[in-house]
Amino acid sequence: MSSPCFFQKKGLPYVIKEFFSRVKQSHNFKRLKLISEKMDQENNDNPLPFPPNTIWDVEGGKEAGVYTWFKEINEELDNGWVISDNTKMLMLGGYSYLGLNKRPEISQAAIDAIRKFGTGMSGSRFLAGTTELHSQLERKIAKLHNKEAAIVYTSGYLTNISTIACLLRKNDYIICDKVNHASMIDGGKYSNAKLIRYPHNDLNRLKNILADIPNSSRKLVIIDAIFSMSGEPADVPNIIALCKKYNAYLMVDECHSMYVLGKSGGGITEYFNIQPDDIDIVMATLSKSIPAAGGYIASSEKIINYLRHESRGFIYSIALSTAMAATALKGLEVFEAERKTLVSKLNSNTEIFKETLCALGAPIGNSVTSIVPILVGDPIKAAVAAKTCHEHGLYIHAVFPPVVPAGKAILRASITAGHKKEDLIMAAKTIGHIVAKLEHMEMPQLSGYNL
Ligand SMILES: Cc1ncc(COP(=O)(O)O)c(C=O)c1O
């Protein structure tokens, strides 16, 4: 028989005490203590900035004249044009994909609702904030998605955070693509369930994660149908297959797919020919193709009823305004009546814009929607490109890491059915020339847009 080891002879408490006493006496520990005391002293002399620094070098961008956010719009004109700073500009950064904003009958619906209900809401939907318009809107949305029921929130962001946060419990799992929209990721963070993020589009990793989760835990996979920065679709059919195999529930964010993807704008189910029942929970916004504000979930009666009584962003916040509920209802009616024509116009507009950029050699990725990312790479170059586009009358934004991966800053254009082809050709040519010239342009000295 071998002799007992040190640990067995002395016992655990003795070993722990001895270990810490030796660490404290060691030279490195004393040095660490000195460094920490010095840092404390320095912090006292020079307190931490409050609030902390922004992730983007906002002040540097302003000083260098390449800050393009919050640019005021004075008026929205027809065919995708706006007035900004008293200058006419072509809007390429908006989300009115179907070009329905300012449609007279939709605006009229909002005016009528204000006349009937006033401008304010007198409470949460749970209490005094449910009108007949809300109920009609929810029934219409459910029918559109072939689901039993629906629930509307005041924004898409709120929809995602307050549904994802309440659907699961402590020992459950939320599994999410790393590139999902911030609202889905934030919903996962607010939840008591464990959030696991897998590398973008890595379905092998998703499979391994699902296989490792015990059957005693609930699993919810949350995914963007179309990734908002690239316009690329998620591999929803294979994600459905994995969810079925490993008994996971699936929630799909259709903010950039519903109303625009598929021949008649039926979204990801039409695009991939998926059965609506294969997706447990559909989420979408009323603020992009539908020219209102608000977000929604369409799902089973049981899940919607649960959300109506558990979802904090629904219960403890004001109801969607009646003006927006009426706008959304009329917007959905217009969509239903004209969906094929609107989507076909959107697609042909997008095609001409992409073709013109490609002809000039601009790298535009593999978007399958009217989101057109123009890859610039370096964030400072992207900032300069956006500013130069503004000077040429194009209202467009640059997108920097961490919203896109490091080294992959883009100019992000979104095309609408309301644009005119000749304007899009002009815009694509201008952008193509600006991007091509970046190599030879002098860049401002910035510490980097993403610090
Ligand atoms: C994929 C995705 N989900 C959710 C949202 C949030 O929607 P909303 O703008 O209605 O709050 C957005 C908004 O850009 C989005 O792109």
# chains A, B, ... in the order shown; residues from 1 in each chain; ligands from 1
call {"tool": "residues_around", "arguments": {"residues": "Asp224 in chain A", "least_positions_apart": "3", "cutoff": "8 Å", "atoms": "only C-alpha atoms", "output": "ChimeraX atom specification"}}
result
/A:180-181,227-228,233-234,252-255
call {"tool": "select_by_dssp", "arguments": {"residues": "range 274-312 of chain A", "states": "strand (DSSP E)", "output": "VMD selection string"}}
result
chain A and resid 281 to 285 295 to 299
call {"tool": "residues_around", "arguments": {"residues": "Ile239 in chain A", "least_positions_apart": "3", "cutoff": "12 Å", "atoms": "only C-alpha atoms", "output": "ChimeraX atom specification"}}
result
/A:175-177,201-207,210,220-225,233-236,242-252,274,278-279
call {"tool": "residues_near_ligand", "arguments": {"ligand": "ligand 1", "cutoff": "10 Å", "atoms": "only C-alpha atoms and all ligand atoms", "output": "ChimeraX atom specification"}}
result
/A:95,153-161,179-184,223-229,252-257,283-288,292-296
call {"tool": "closest_residue", "arguments": {"among": "A:His200, A:Lys330, A:Arg31, A:Lys354", "to": "Leu133 in chain A", "atoms": "only C-alpha atoms"}}
result
A:Lys330
call {"tool": "residues_around", "arguments": {"residues": "Ala323 in chain A", "least_positions_apart": "2", "cutoff": "6 Å", "atoms": "only C-alpha atoms", "output": "MDAnalysis selection string"}}
result
chainID A and resid 110 113:114 321 325:326
call {"tool": "write_last_selection", "arguments": {"atoms": "C-alpha atoms", "output": "CSV table (one decimal), in the first residue's frame"}}
result
chain,number,residue,atom,x,y,z
A,110,ALA,CA,-53.5,57.8,-38.1
A,113,ALA,CA,-57.4,57.4,-34.8
A,114,ILE,CA,-56.2,60.6,-33.2
A,321,SER,CA,-50.4,54.4,-29.4
A,325,ALA,CA,-52.0,50.8,-34.2
A,326,ALA,CA,-54.2,52.4,-36.9
call {"tool": "closest_residue", "arguments": {"among": "A:Ile240, A:Ile174, A:Leu360, A:Ala165", "to": "Ile209 in chain A", "atoms": "only C-alpha atoms"}}
result
A:Ile174
call {"tool": "select_by_dssp", "arguments": {"residues": "range 50-144 of chain A", "states": "helix (DSSP H, G or I)", "output": "PyMOL selection string"}}
result
chain A and resi 58-63+104-117+132-144
call {"tool": "closest_residue", "arguments": {"among": "A:His419, A:His309, A:Arg169, A:Arg22", "to": "Tyr97 in chain A", "atoms": "only C-alpha atoms"}}
result
A:His419
call {"tool": "decode", "arguments": {"residues": "range 105-193 of chain A", "atoms": "C-alpha atoms", "output": "PDB file, in the first residue's frame"}}
result
ATOM      1  CA  GLU A 105     -54.526  56.474 -46.872  1.00  0.00           C
ATOM      2  CA  ILE A 106     -52.093  55.257 -44.206  1.00  0.00           C
ATOM      3  CA  SER A 107     -51.473  58.776 -42.867  1.00  0.00           C
ATOM      4  CA  GLN A 108     -55.250  59.348 -42.896  1.00  0.00           C
ATOM      5  CA  ALA A 109     -55.779  56.249 -40.718  1.00  0.00           C
ATOM      6  CA  ALA A 110     -53.457  57.763 -38.083  1.00  0.00           C
ATOM      7  CA  ILE A 111     -55.304  61.087 -38.223  1.00  0.00           C
ATOM      8  CA  ASP A 112     -58.684  59.346 -37.846  1.00  0.00           C
ATOM      9  CA  ALA A 113     -57.407  57.387 -34.848  1.00  0.00           C
ATOM     10  CA  ILE A 114     -56.167  60.557 -33.160  1.00  0.00           C
ATOM     11  CA  ARG A 115     -59.579  62.184 -33.728  1.00  0.00           C
ATOM     12  CA  LYS A 116     -61.315  59.190 -32.154  1.00  0.00           C
ATOM     13  CA  PHE A 117     -58.939  58.313 -29.296  1.00  0.00           C
ATOM     14  CA  GLY A 118     -56.749  61.420 -28.817  1.00  0.00           C
ATOM     15  CA  THR A 119     -52.955  61.408 -28.888  1.00  0.00           C
ATOM     16  CA  GLY A 120     -52.113  59.743 -25.599  1.00  0.00           C
ATOM     17  CA  MET A 121     -52.644  56.333 -24.129  1.00  0.00           C
ATOM     18  CA  SER A 122     -54.008  56.108 -20.649  1.00  0.00           C
ATOM     19  CA  GLY A 123     -52.121  53.087 -19.512  1.00  0.00           C
ATOM     20  CA  SER A 124     -50.547  49.763 -20.167  1.00  0.00           C
ATOM     21  CA  ARG A 125     -52.366  47.265 -22.381  1.00  0.00           C
ATOM     22  CA  PHE A 126     -52.913  45.236 -19.231  1.00  0.00           C
ATOM     23  CA  LEU A 127     -55.016  48.016 -17.735  1.00  0.00           C
ATOM     24  CA  ALA A 128     -56.700  50.846 -19.679  1.00  0.00           C
ATOM     25  CA  GLY A 129     -54.575  50.731 -22.836  1.00  0.00           C
ATOM     26  CA  THR A 130     -56.295  48.079 -24.967  1.00  0.00           C
ATOM     27  CA  THR A 131     -58.516  49.537 -27.710  1.00  0.00           C
ATOM     28  CA  GLU A 132     -60.408  47.796 -30.480  1.00  0.00           C
ATOM     29  CA  LEU A 133     -57.562  48.831 -32.810  1.00  0.00           C
ATOM     30  CA  HIS A 134     -55.043  46.810 -30.803  1.00  0.00           C
ATOM     31  CA  SER A 135     -57.226  43.714 -30.878  1.00  0.00           C
ATOM     32  CA  GLN A 136     -57.893  44.080 -34.625  1.00  0.00           C
ATOM     33  CA  LEU A 137     -54.185  44.540 -35.287  1.00  0.00           C
ATOM     34  CA  GLU A 138     -53.241  41.447 -33.293  1.00  0.00           C
ATOM     35  CA  ARG A 139     -55.848  39.324 -35.072  1.00  0.00           C
ATOM     36  CA  LYS A 140     -54.618  40.544 -38.463  1.00  0.00           C
ATOM     37  CA  ILE A 141     -50.971  39.807 -37.630  1.00  0.00           C
ATOM     38  CA  ALA A 142     -51.816  36.291 -36.384  1.00  0.00           C
ATOM     39  CA  LYS A 143     -53.704  35.533 -39.594  1.00  0.00           C
ATOM     40  CA  LEU A 144     -50.917  36.893 -41.772  1.00  0.00           C
ATOM     41  CA  HIS A 145     -48.414  34.523 -40.136  1.00  0.00           C
ATOM     42  CA  ASN A 146     -50.806  31.562 -39.994  1.00  0.00           C
ATOM     43  CA  LYS A 147     -50.528  31.528 -36.219  1.00  0.00           C
ATOM     44  CA  GLU A 148     -53.214  31.258 -33.552  1.00  0.00           C
ATOM     45  CA  ALA A 149     -52.541  34.612 -31.876  1.00  0.00           C
ATOM     46  CA  ALA A 150     -50.300  37.682 -31.713  1.00  0.00           C
ATOM     47  CA  ILE A 151     -49.244  40.383 -29.251  1.00  0.00           C
ATOM     48  CA  VAL A 152     -47.992  43.898 -30.105  1.00  0.00           C
ATOM     49  CA  TYR A 153     -45.413  45.986 -28.240  1.00  0.00           C
ATOM     50  CA  THR A 154     -44.300  49.594 -28.602  1.00  0.00           C
ATOM     51  CA  SER A 155     -41.091  48.700 -30.483  1.00  0.00           C
ATOM     52  CA  GLY A 156     -39.276  45.749 -31.981  1.00  0.00           C
ATOM     53  CA  TYR A 157     -36.446  46.151 -29.475  1.00  0.00           C
ATOM     54  CA  LEU A 158     -38.877  45.976 -26.571  1.00  0.00           C
ATOM     55  CA  THR A 159     -40.597  42.971 -28.152  1.00  0.00           C
ATOM     56  CA  ASN A 160     -37.372  40.993 -28.263  1.00  0.00           C
ATOM     57  CA  ILE A 161     -36.020  41.898 -24.855  1.00  0.00           C
ATOM     58  CA  SER A 162     -39.231  41.442 -22.968  1.00  0.00           C
ATOM     59  CA  THR A 163     -40.297  38.186 -24.606  1.00  0.00           C
ATOM     60  CA  ILE A 164     -36.908  36.470 -24.634  1.00  0.00           C
ATOM     61  CA  ALA A 165     -36.288  37.528 -21.038  1.00  0.00           C
ATOM     62  CA  CYS A 166     -39.471  35.888 -19.719  1.00  0.00           C
ATOM     63  CA  LEU A 167     -39.858  32.731 -21.782  1.00  0.00           C
ATOM     64  CA  LEU A 168     -37.416  30.565 -19.844  1.00  0.00           C
ATOM     65  CA  ARG A 169     -36.332  29.833 -16.273  1.00  0.00           C
ATOM     66  CA  LYS A 170     -33.072  29.480 -14.387  1.00  0.00           C
ATOM     67  CA  ASN A 171     -31.891  26.079 -15.570  1.00  0.00           C
ATOM     68  CA  ASP A 172     -32.907  26.626 -19.179  1.00  0.00           C
ATOM     69  CA  TYR A 173     -30.811  27.670 -22.176  1.00  0.00           C
ATOM     70  CA  ILE A 174     -31.042  30.358 -24.832  1.00  0.00           C
ATOM     71  CA  ILE A 175     -28.832  29.666 -27.831  1.00  0.00           C
ATOM     72  CA  CYS A 176     -28.071  32.455 -30.221  1.00  0.00           C
ATOM     73  CA  ASP A 177     -25.906  33.282 -33.282  1.00  0.00           C
ATOM     74  CA  LYS A 178     -23.215  35.808 -32.291  1.00  0.00           C
ATOM     75  CA  VAL A 179     -24.298  38.167 -35.055  1.00  0.00           C
ATOM     76  CA  ASN A 180     -27.969  38.287 -34.006  1.00  0.00           C
ATOM     77  CA  HIS A 181     -29.481  41.735 -33.503  1.00  0.00           C
ATOM     78  CA  ALA A 182     -28.621  43.422 -30.189  1.00  0.00           C
ATOM     79  CA  SER A 183     -32.243  43.211 -29.013  1.00  0.00           C
ATOM     80  CA  MET A 184     -32.176  39.398 -29.138  1.00  0.00           C
ATOM     81  CA  ILE A 185     -28.847  39.199 -27.373  1.00  0.00           C
ATOM     82  CA  ASP A 186     -29.993  41.708 -24.751  1.00  0.00           C
ATOM     83  CA  GLY A 187     -33.177  39.669 -24.200  1.00  0.00           C
ATOM     84  CA  GLY A 188     -30.955  36.670 -23.512  1.00  0.00           C
ATOM     85  CA  LYS A 189     -28.916  38.726 -21.029  1.00  0.00           C
ATOM     86  CA  TYR A 190     -32.028  39.838 -19.135  1.00  0.00           C
ATOM     87  CA  SER A 191     -33.264  36.249 -18.871  1.00  0.00           C
ATOM     88  CA  ASN A 192     -32.492  34.023 -15.899  1.00  0.00           C
ATOM     89  CA  ALA A 193     -31.682  31.258 -18.369  1.00  0.00           C
TER      90      ALA A 193
END
